[in-house]
Every structure is written in C-alpha cells, then in structure tokens.
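Below is data-v2.cif, which holds mmCIF, C-alpha atoms and all ligand atoms.
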```cif
data_my_file
#
loop_
_atom_site.label_atom_id
_atom_site.label_comp_id
_atom_site.auth_asym_id
_atom_site.auth_seq_id
_atom_site.Cartn_x
_atom_site.Cartn_y
_atom_site.Cartn_z
CA MET A 1 -244.83 -67.55 85.83
CA ASP A 2 -243.10 -64.79 83.87
CA PHE A 3 -244.56 -62.48 81.25
CA GLY A 4 -243.38 -64.46 78.20
CA MET A 5 -244.87 -67.74 79.38
CA LYS A 6 -248.16 -66.08 80.40
CA ASN A 7 -248.34 -64.10 77.18
CA ARG A 8 -247.82 -67.17 74.99
CA LEU A 9 -250.33 -69.21 76.98
CA SER A 10 -252.87 -66.43 76.59
CA LYS A 11 -252.46 -66.63 72.81
CA VAL A 12 -253.37 -70.31 72.67
CA ILE A 13 -255.92 -70.42 75.53
CA GLN A 14 -258.69 -67.88 75.02
CA PRO A 15 -259.98 -65.39 77.66
CA ASP A 16 -262.86 -67.77 78.49
CA GLY A 17 -260.25 -70.34 79.54
CA ARG A 18 -261.09 -72.62 76.63
CA CYS A 19 -259.25 -73.65 73.47
CA PHE A 20 -259.76 -75.26 70.09
CA PHE A 21 -256.43 -76.45 68.70
CA LEU A 22 -256.40 -77.76 65.13
CA PRO A 23 -253.81 -80.54 64.76
CA ILE A 24 -252.56 -81.28 61.28
CA ASP A 25 -249.34 -82.92 62.45
CA HIS A 26 -250.37 -86.50 61.60
CA GLY A 27 -248.11 -86.66 58.52
CA TYR A 28 -245.05 -86.88 60.78
CA PHE A 29 -245.72 -90.60 61.20
CA LEU A 30 -248.65 -91.31 58.82
CA GLY A 31 -247.37 -89.60 55.66
CA PRO A 32 -250.01 -88.09 53.33
CA THR A 33 -252.94 -89.45 55.30
CA GLN A 34 -256.55 -89.11 54.12
CA CYS A 35 -257.60 -85.45 53.78
CA LEU A 36 -254.12 -84.18 54.69
CA GLU A 37 -252.59 -84.94 51.29
CA LYS A 38 -252.43 -81.18 50.63
CA PRO A 39 -252.26 -79.66 54.11
CA ALA A 40 -252.57 -76.06 52.86
CA GLU A 41 -255.98 -76.85 51.36
CA THR A 42 -257.10 -78.55 54.59
CA ILE A 43 -255.99 -75.76 56.89
CA GLU A 44 -257.06 -72.63 55.02
CA PRO A 45 -260.90 -72.83 55.37
CA LEU A 46 -260.70 -74.02 59.00
CA LEU A 47 -258.35 -71.39 60.38
CA PRO A 48 -261.08 -68.85 61.28
CA TYR A 49 -262.65 -71.33 63.73
CA CYS A 50 -259.62 -72.63 65.62
CA ASP A 51 -257.50 -70.92 68.28
CA ALA A 52 -254.12 -72.44 67.32
CA LEU A 53 -252.58 -74.69 64.70
CA PHE A 54 -250.60 -77.78 65.82
CA VAL A 55 -248.09 -78.53 63.09
CA THR A 56 -244.55 -79.71 62.36
CA ARG A 57 -241.89 -77.30 61.19
CA GLY A 58 -241.83 -78.92 57.72
CA VAL A 59 -245.48 -78.24 56.98
CA LEU A 60 -245.32 -74.85 58.68
CA ARG A 61 -242.44 -73.67 56.49
CA ALA A 62 -243.75 -75.26 53.30
CA VAL A 63 -247.42 -74.33 53.28
CA VAL A 64 -248.42 -71.92 56.04
CA ASP A 65 -248.62 -68.23 55.19
CA PRO A 66 -246.12 -66.40 57.47
CA GLY A 67 -248.77 -63.67 57.78
CA ILE A 68 -250.94 -66.07 59.81
CA THR A 69 -252.41 -64.44 62.90
CA LYS A 70 -253.30 -67.68 64.70
CA PRO A 71 -250.62 -68.94 67.09
CA ILE A 72 -248.56 -71.99 66.19
CA ILE A 73 -247.99 -74.98 68.45
CA LEU A 74 -244.98 -76.73 67.01
CA ARG A 75 -244.74 -80.52 67.21
CA ILE A 76 -241.14 -81.21 68.04
CA SER A 77 -241.07 -84.96 68.74
CA GLY A 78 -241.04 -87.74 66.17
CA GLY A 79 -238.81 -90.26 64.44
CA PRO A 80 -240.69 -93.50 63.82
CA SER A 81 -243.28 -94.07 61.08
CA VAL A 82 -246.45 -96.13 60.98
CA VAL A 83 -244.65 -98.81 58.93
CA GLY A 84 -241.63 -98.93 61.25
CA LYS A 85 -241.01 -101.09 64.30
CA ASP A 86 -242.39 -99.00 67.15
CA LEU A 87 -244.23 -95.69 67.06
CA ALA A 88 -243.10 -94.96 70.63
CA ASN A 89 -239.40 -94.71 69.75
CA GLU A 90 -239.48 -90.91 69.49
CA ALA A 91 -236.73 -88.32 69.83
CA ILE A 92 -236.78 -84.54 69.79
CA THR A 93 -236.76 -83.46 66.15
CA THR A 94 -236.52 -79.68 66.38
CA SER A 95 -234.03 -77.47 68.20
CA ILE A 96 -235.00 -74.69 70.59
CA GLU A 97 -233.37 -72.18 68.19
CA GLU A 98 -235.73 -73.38 65.46
CA VAL A 99 -238.73 -73.14 67.80
CA ILE A 100 -237.82 -69.50 68.51
CA ARG A 101 -236.98 -68.73 64.85
CA LEU A 102 -240.39 -70.04 63.77
CA ASN A 103 -242.05 -67.89 66.45
CA ALA A 104 -243.93 -70.80 67.98
CA ALA A 105 -246.35 -69.90 70.77
CA ALA A 106 -245.91 -73.37 72.31
CA VAL A 107 -244.46 -76.79 71.51
CA GLY A 108 -245.87 -80.33 71.66
CA VAL A 109 -244.00 -83.51 72.65
CA SER A 110 -245.42 -87.05 72.81
CA VAL A 111 -244.94 -89.41 75.74
CA PHE A 112 -245.65 -93.15 75.56
CA VAL A 113 -246.21 -94.28 79.14
CA GLY A 114 -246.03 -98.05 79.58
CA SER A 115 -244.21 -98.60 76.29
CA ASP A 116 -240.63 -99.84 75.77
CA TYR A 117 -239.79 -96.17 75.25
CA GLU A 118 -241.45 -94.79 78.35
CA HIS A 119 -238.22 -93.52 79.91
CA GLN A 120 -236.89 -92.05 76.66
CA THR A 121 -240.08 -90.18 75.83
CA LEU A 122 -240.57 -88.90 79.37
CA MET A 123 -236.99 -87.59 79.28
CA ASN A 124 -237.76 -85.96 75.89
CA LEU A 125 -240.56 -84.12 77.67
CA ALA A 126 -238.61 -83.19 80.82
CA LYS A 127 -235.61 -81.88 78.83
CA THR A 128 -237.91 -79.92 76.53
CA VAL A 129 -239.55 -78.30 79.54
CA ASP A 130 -236.10 -77.33 80.89
CA LEU A 131 -235.12 -75.74 77.57
CA CYS A 132 -238.45 -74.04 76.96
CA GLU A 133 -238.65 -72.61 80.48
CA ASN A 134 -235.50 -70.60 79.63
CA TYR A 135 -237.44 -68.79 76.91
CA GLY A 136 -240.96 -68.70 78.37
CA ILE A 137 -242.34 -71.22 75.88
CA PRO A 138 -245.20 -73.48 77.07
CA VAL A 139 -244.96 -77.23 76.49
CA MET A 140 -247.95 -79.41 75.66
CA ALA A 141 -247.43 -83.10 76.47
CA VAL A 142 -249.24 -85.47 74.14
CA THR A 143 -250.14 -88.73 75.91
CA ALA A 144 -249.80 -91.07 72.94
CA VAL A 145 -250.78 -94.73 72.67
CA GLY A 146 -249.45 -95.52 69.19
CA LYS A 147 -251.41 -98.38 67.66
CA GLU A 148 -252.59 -99.62 71.06
CA THR A 149 -255.87 -97.70 71.09
CA GLU A 150 -257.36 -100.12 73.68
CA LYS A 151 -255.07 -98.46 76.25
CA ARG A 152 -257.44 -95.49 76.42
CA THR A 153 -258.95 -96.35 79.82
CA PRO A 154 -259.49 -93.76 82.58
CA ARG A 155 -256.85 -95.48 84.75
CA TYR A 156 -254.17 -95.47 82.07
CA LEU A 157 -254.92 -91.96 80.83
CA ALA A 158 -254.98 -90.58 84.39
CA LEU A 159 -251.57 -92.17 84.99
CA SER A 160 -250.10 -90.77 81.76
CA CYS A 161 -251.51 -87.28 82.28
CA ARG A 162 -250.33 -87.06 85.86
CA ILE A 163 -246.82 -88.20 84.95
CA ALA A 164 -246.66 -85.71 82.07
CA ALA A 165 -247.69 -82.92 84.43
CA GLU A 166 -245.12 -84.04 87.00
CA MET A 167 -242.43 -83.83 84.30
CA GLY A 168 -243.37 -80.16 83.95
CA ALA A 169 -245.80 -80.01 81.00
CA HIS A 170 -247.84 -76.80 81.04
CA VAL A 171 -250.78 -78.40 79.21
CA VAL A 172 -251.55 -82.10 78.69
CA LYS A 173 -253.33 -83.47 75.67
CA THR A 174 -255.03 -86.83 76.09
CA TYR A 175 -257.91 -88.87 74.76
CA TRP A 176 -261.44 -88.50 76.00
CA CYS A 177 -262.72 -91.61 77.82
CA LYS A 178 -265.61 -92.66 80.03
CA ASP A 179 -265.25 -91.23 83.56
CA PHE A 180 -263.07 -88.45 82.15
CA ASP A 181 -263.34 -86.56 85.46
CA LYS A 182 -260.92 -89.12 86.94
CA VAL A 183 -258.35 -88.10 84.32
CA VAL A 184 -258.80 -84.36 84.83
CA GLU A 185 -258.95 -84.49 88.63
CA GLY A 186 -255.59 -86.25 88.84
CA CYS A 187 -253.85 -83.78 86.56
CA PRO A 188 -252.73 -80.47 88.12
CA VAL A 189 -252.39 -78.67 84.76
CA PRO A 190 -255.00 -77.97 82.03
CA VAL A 191 -256.12 -80.96 79.96
CA VAL A 192 -257.19 -80.87 76.30
CA MET A 193 -258.83 -83.73 74.40
CA ALA A 194 -257.76 -85.39 71.16
CA GLY A 195 -260.25 -87.28 69.08
CA GLY A 196 -258.47 -90.32 67.74
CA PRO A 197 -259.85 -92.05 64.63
CA LYS A 198 -263.01 -90.62 63.10
CA CYS A 199 -266.23 -91.32 65.06
CA GLU A 200 -269.26 -92.88 63.35
CA THR A 201 -271.44 -89.77 63.70
CA GLU A 202 -270.99 -86.04 64.25
CA LEU A 203 -273.30 -86.20 67.26
CA GLU A 204 -270.88 -88.61 68.96
CA VAL A 205 -268.09 -86.05 68.54
CA PHE A 206 -270.18 -83.21 70.01
CA GLU A 207 -271.24 -85.48 72.87
CA PHE A 208 -267.74 -86.48 73.92
CA VAL A 209 -266.39 -82.96 73.59
CA PHE A 210 -269.28 -81.57 75.66
CA ASP A 211 -268.89 -84.30 78.28
CA GLY A 212 -265.13 -83.73 78.56
CA LEU A 213 -265.63 -79.98 78.97
CA GLN A 214 -268.24 -80.53 81.70
CA LYS A 215 -265.72 -82.79 83.43
CA GLY A 216 -263.00 -80.16 83.42
CA ALA A 217 -261.12 -80.29 80.10
CA ILE A 218 -260.30 -76.82 78.76
CA GLY A 219 -260.78 -77.69 75.11
CA VAL A 220 -259.74 -79.90 72.25
CA ASN A 221 -256.90 -80.71 69.92
CA LEU A 222 -259.12 -82.39 67.39
CA GLY A 223 -257.93 -83.49 63.97
CA ARG A 224 -259.45 -86.39 62.05
CA ASN A 225 -262.96 -85.82 63.40
CA VAL A 226 -262.77 -82.34 61.91
CA TRP A 227 -260.86 -82.52 58.63
CA GLN A 228 -261.85 -86.07 57.62
CA ASN A 229 -265.50 -85.05 57.88
CA PRO A 230 -266.97 -84.30 54.42
CA PHE A 231 -268.09 -80.94 55.85
CA PRO A 232 -265.10 -79.78 57.89
CA VAL A 233 -266.11 -76.11 58.02
CA ALA A 234 -269.56 -76.95 59.43
CA MET A 235 -267.88 -79.32 61.87
CA SER A 236 -265.39 -76.65 63.00
CA ARG A 237 -268.06 -74.00 63.48
CA ALA A 238 -270.27 -76.36 65.51
CA LEU A 239 -267.31 -77.44 67.65
CA GLN A 240 -266.38 -73.82 68.21
CA ALA A 241 -269.94 -73.33 69.55
CA VAL A 242 -269.62 -76.31 71.92
CA ILE A 243 -266.23 -75.14 73.19
CA HIS A 244 -266.70 -71.38 73.43
CA GLU A 245 -270.49 -70.99 73.65
CA ASN A 246 -271.27 -74.07 75.79
CA MET A 247 -273.66 -75.26 73.10
CA ALA A 248 -275.27 -78.62 73.97
CA PRO A 249 -274.51 -81.58 71.66
CA LYS A 250 -277.97 -81.79 70.05
CA GLU A 251 -277.98 -78.05 69.27
CA ALA A 252 -274.47 -78.34 67.88
CA PHE A 253 -275.62 -81.19 65.68
CA ASP A 254 -278.54 -79.05 64.44
CA LEU A 255 -276.12 -76.22 63.72
CA PHE A 256 -273.84 -78.64 61.87
CA ARG A 257 -276.76 -79.87 59.73
CA GLU A 258 -277.91 -76.34 58.99
CA LEU A 259 -274.40 -75.28 57.87
CA LYS A 260 -273.98 -78.49 55.89
CA ALA A 261 -277.28 -77.82 54.08
CA ARG A 262 -276.09 -74.31 53.23
CA GLY A 263 -273.01 -75.91 51.70
C1 LIG B 1 -250.93 -87.15 66.33
C2 LIG B 1 -251.36 -86.13 67.29
C3 LIG B 1 -252.61 -85.41 67.00
O1 LIG B 1 -252.32 -84.06 67.12
C4 LIG B 1 -253.69 -85.82 67.93
O2 LIG B 1 -253.82 -87.22 67.98
C5 LIG B 1 -255.01 -85.18 67.61
O3 LIG B 1 -255.53 -85.59 66.44
P1 LIG B 1 -256.77 -86.59 66.32
O4 LIG B 1 -257.95 -85.84 66.87
O5 LIG B 1 -256.89 -86.88 64.85
O6 LIG B 1 -256.46 -87.82 67.16
O7 LIG B 1 -250.74 -85.89 68.26
O8 LIG B 1 -249.91 -87.85 66.90
#
```
In structure tokens, what does this structure look like?
Amino acid sequence: MDFGMKNRLSKVIQPDGRCFFLPIDHGYFLGPTQCLEKPAETIEPLLPYCDALFVTRGVLRAVVDPGITKPIILRISGGPSVVGKDLANEAITTSIEEVIRLNAAAVGVSVFVGSDYEHQTLMNLAKTVDLCENYGIPVMAVTAVGKETEKRTPRYLALSCRIAAEMGAHVVKTYWCKDFDKVVEGCPVPVVMAGGPKCETELEVFEFVFDGLQKGAIGVNLGRNVWQNPFPVAMSRALQAVIHENMAPKEAFDLFRELKARG
C-alpha cells in the first residue's frame, strides 16, 4: 500500500483502529428525510464526536464549511429514488476528478448482491476501485439491501461483504446481525456497521454496536439511530465512548441519560 492510500485511511480510521463515520447521505434516494431536512443543522453539533462525514457532493458543496477538519467520505453511487422502480439500479454519479477536487479522503459505493442489478453494482465497485487505486483513494463498499430489510441475515451479509472485498473494497460497510462474527470472519478487509431504521431504544443501539465491535467490526457508519434521536449529541458522545473507550452498553446508556438530562 502506498503513502497516499495509507495516509487517507489513517485519517478516517483512528490510531486505535476504530472509527465512527457519520452518514448523512440518505437524501440521495430518500429526499429531505426526517431530521435531514436541513443537513447543515444536523451535522454541525455532531461533528466533534465523529471521525468522518459520509456525504454526497451536492450536500458537501452546498452546506459543509470548506474549513472542516474532519475527513470526507464521498458517496459516489446513486441514481434511483425511493419512489422509483428499483433502488438497486445504481450507477456511479461522481467522477474521479470531482472526488479529487473535493479532497475526499475516501469514497463509498453501494452494491446490491442478489438483486437484478447485482452485476451492474459490483462492476460499479470494481471500476471505482481501479480508478481510485490510481490516486491512492480508499473505497468503502456499502452492502445495501434497498427495501428488502429481511435480507439482513448472517449468511447473506457474509456473502455480500466477502464479494465486496474480493472486488477490491478497502473497507466494507454492512448491517449488524446476530452471529456477526460469521460476517467479519469471512471478510478479509475491515468491516463497519450501519444501523438501518431507528431502533426502539438507545440501549439496543449501544448493545448492537458493542456486540459488533467485540466480534471484530472496526466501528460504525451510523445515521438514523444518531440524528433521528431527539438527543443526537448525547447519542453521539455515548457512541463515541462505546467505539473508542470500549464502554459497555449499560454504562453508555447511563452516560446518554446523564447528557440528555443536562440538555
Ligand atoms: C444509505 C447509507 C447510509 O450511509 C447507511 O445506511 C448508514 O445509515 P443508517 O445507520 O441510517 O442505516 O448508505 O444508503
């Protein structure tokens, strides 16, 4: 691995080997979804707690301060919307010149294994890796399931993660599931966890993040369970403690409640 690739990876993955990515890319298929209507207002108070921001070029250019010191992971796949025919029918939306111009530390591309667009989205990933390798830019594969959330079984996620890694992804983002060690063990590159729709309780979030970390994940790319919480700053701080301080779920929940009470 050359200097550029290592240097960029070290910006998004912290010296302890862990990471807390904050995704606010959901608008690329969901539009102004709940709590992301004004992305600048969502991002600003949470930035101190995350290690990188996962965002599209549109939101980056429109609302993110170019003086930002946190690294940017640029989402560069998209195309379909939630009201269209098939969320899996993605293409690459952003050129490599744009990725470099925007000074992205890494890029993210979705793959939809098992969908009608499996081949197309895996080729999106493989071609992105080829292009990004030329410039030392890491690629995060996003193992997406579209509306088919029931697909999130250990067997399916292990298959998707392994294929994404085989295509050359440097990091793979997937969903947490029961027996998560089976997913991580079959994937030869670092795995980060997404949250999916908001959980019923904060404790549930801390529990699955803690479990996934114990089973080998290096961190999270957690969106709705952070910024759709009525207390997103308390949530971010408590998650930061789970990820970087190995705080146990119950202690993290206590910390969350204490911060929430302080307002
Ligand atoms: C949307 C994404 C998100 O970045 C990812 O799903 C993480 O967000 P959440 O925790 O809300 O699921 O890739 O397509």
**Report entry** 12 Å contact set for Leu30 of chain A, all atoms listed in the file, chain neighbours under 3 positions out, as a VMD selection string
**Finding:** chain A and resid 24 to 27 33 to 37 78 to 84 87 146 to 147
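For Leu60 of chain A, the non-local neighbours within 10 Å, defined as residues at least 2 positions apart in the same chain or in other chains and counting all atoms listed in the file, are Asp25, Pro39, Ala40, Leu53, Phe54, Val55, Thr56, Arg57, Gly58, Ala62, Val63, Val64, Asp65, Pro66, Ile72, Leu74 and Leu102 of chain A.
By only C-alpha atoms, and with residues fewer than 6 positions from Val172 of chain A along its chain excluded, the set lying at most 8 Å from it is Met140, Ala141, Val142, Thr143, Cys161, Ala164, Ala165, Val189, Pro190, Val191 and Val192 of chain A.
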9 Å shell around ligand LIG 1 (chain B) using all atoms listed in the file, listed as a short mmCIF file (atom, residue, chain, number, x, y, z; two decimals) with C-alpha atoms, keeping the file's coordinate frame:
```
data_model
loop_
_atom_site.label_atom_id
_atom_site.label_comp_id
_atom_site.auth_asym_id
_atom_site.auth_seq_id
_atom_site.Cartn_x
_atom_site.Cartn_y
_atom_site.Cartn_z
CA PHE A 21 -256.43 -76.45 68.70
CA LEU A 22 -256.40 -77.76 65.13
CA PRO A 23 -253.81 -80.54 64.76
CA ILE A 24 -252.56 -81.28 61.28
CA ASP A 25 -249.34 -82.92 62.45
CA HIS A 26 -250.37 -86.50 61.60
CA GLY A 27 -248.11 -86.66 58.52
CA TYR A 28 -245.05 -86.88 60.78
CA PHE A 29 -245.72 -90.60 61.20
CA LEU A 30 -248.65 -91.31 58.82
CA PHE A 54 -250.60 -77.78 65.82
CA VAL A 55 -248.09 -78.53 63.09
CA ARG A 75 -244.74 -80.52 67.21
CA GLY A 78 -241.04 -87.74 66.17
CA GLY A 108 -245.87 -80.33 71.66
CA VAL A 109 -244.00 -83.51 72.65
CA SER A 110 -245.42 -87.05 72.81
CA VAL A 142 -249.24 -85.47 74.14
CA THR A 143 -250.14 -88.73 75.91
CA ALA A 144 -249.80 -91.07 72.94
CA GLY A 146 -249.45 -95.52 69.19
CA LYS A 173 -253.33 -83.47 75.67
CA THR A 174 -255.03 -86.83 76.09
CA TYR A 175 -257.91 -88.87 74.76
CA MET A 193 -258.83 -83.73 74.40
CA ALA A 194 -257.76 -85.39 71.16
CA GLY A 195 -260.25 -87.28 69.08
CA GLY A 196 -258.47 -90.32 67.74
CA PRO A 197 -259.85 -92.05 64.63
CA LYS A 198 -263.01 -90.62 63.10
CA VAL A 220 -259.74 -79.90 72.25
CA ASN A 221 -256.90 -80.71 69.92
CA LEU A 222 -259.12 -82.39 67.39
CA GLY A 223 -257.93 -83.49 63.97
CA ARG A 224 -259.45 -86.39 62.05
CA ASN A 225 -262.96 -85.82 63.40
CA VAL A 226 -262.77 -82.34 61.91
CA TRP A 227 -260.86 -82.52 58.63
CA GLN A 228 -261.85 -86.07 57.62
#
```
Find the spatial neighbours of Ile100 of chain A, counting all atoms listed in the file, within a cut-off of 9 Å - ignore same-chain residues fewer than 5 positions away - and output them as a PDB file with C-alpha atoms, in the frame of the given file.
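Listed below is the output, part_6.pdb:
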```pdb
ATOM      1  CA  SER A  95    -234.030 -77.470  68.200  1.00  0.00           C
ATOM      2  CA  ALA A 105    -246.350 -69.900  70.770  1.00  0.00           C
ATOM      3  CA  TYR A 135    -237.440 -68.790  76.910  1.00  0.00           C
ATOM      4  CA  ILE A 137    -242.340 -71.220  75.880  1.00  0.00           C
TER       5      ILE A 137
END
```
Report task. For atom CA of Glu44 of chain A and atom CA of Lys70 of chain A, determine how far apart the two atoms are, in Å to one decimal place. Result -> 11.5 Å
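In terms of minimum interatomic distance to Met1 of chain A, A:Asn134 ranks closest within A:Gln214, A:Thr153, A:Thr94, A:Asn134, counting all atoms listed in the file.
When all atoms listed in the file are used to compute distances to Ala248 of chain A, the closest of the residues A:Ile92, A:Leu125, A:Ile43, A:Val209 turns out to be A:Val209.
You can rank A:Ala158, A:Ile76, A:Val107, A:Leu255 by their closest distance to Val171 of chain A using only C-alpha atoms, and at the top of that list sits A:Val107.
Here the question is which of A:Gly168, A:Pro32, A:Pro45, A:Gly212 gets nearest to Leu131 of chain A using all atoms listed in the file, and that residue is A:Gly168.
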Query raised in the report: Which residue out of A:Val184, A:Ala106, A:Ile218, A:Val111 has the minimum interatomic distance to Asn7 of chain A when only C-alpha atoms are used?
Result: A:Ala106
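Using all atoms listed in the file, the shortest contact distance between Pro230 of chain A and any of A:Pro71, A:Thr42, A:Tyr49, A:Glu133 is found at A:Thr42.
Computed from the coordinates, the atom CA of Asp51 of chain A to atom CA of Arg8 of chain A distance equals 12.4 Å.
Atom CA of Pro249 of chain A lies 8.4 Å from atom CA of Glu204 of chain A.
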Which residues are close to segment 237-243 of chain A, i.e. within 7 Å by all atoms listed in the file, leaving aside same-chain residues fewer than 2 positions away? Reply as a compact mmCIF listing (two decimals) with C-alpha atoms, keeping the file's coordinate frame.
```
# COMPACT_ATOMS: atom_id res chain seq x y z
CA ARG A 18 -261.09 -72.62 76.63
CA TYR A 49 -262.65 -71.33 63.73
CA PHE A 206 -270.18 -83.21 70.01
CA PHE A 210 -269.28 -81.57 75.66
CA GLY A 219 -260.78 -77.69 75.11
CA VAL A 233 -266.11 -76.11 58.02
CA ALA A 234 -269.56 -76.95 59.43
CA MET A 235 -267.88 -79.32 61.87
CA GLU A 245 -270.49 -70.99 73.65
CA ASN A 246 -271.27 -74.07 75.79
CA MET A 247 -273.66 -75.26 73.10
CA ALA A 248 -275.27 -78.62 73.97
CA ALA A 252 -274.47 -78.34 67.88
CA LEU A 255 -276.12 -76.22 63.72
CA PHE A 256 -273.84 -78.64 61.87
```
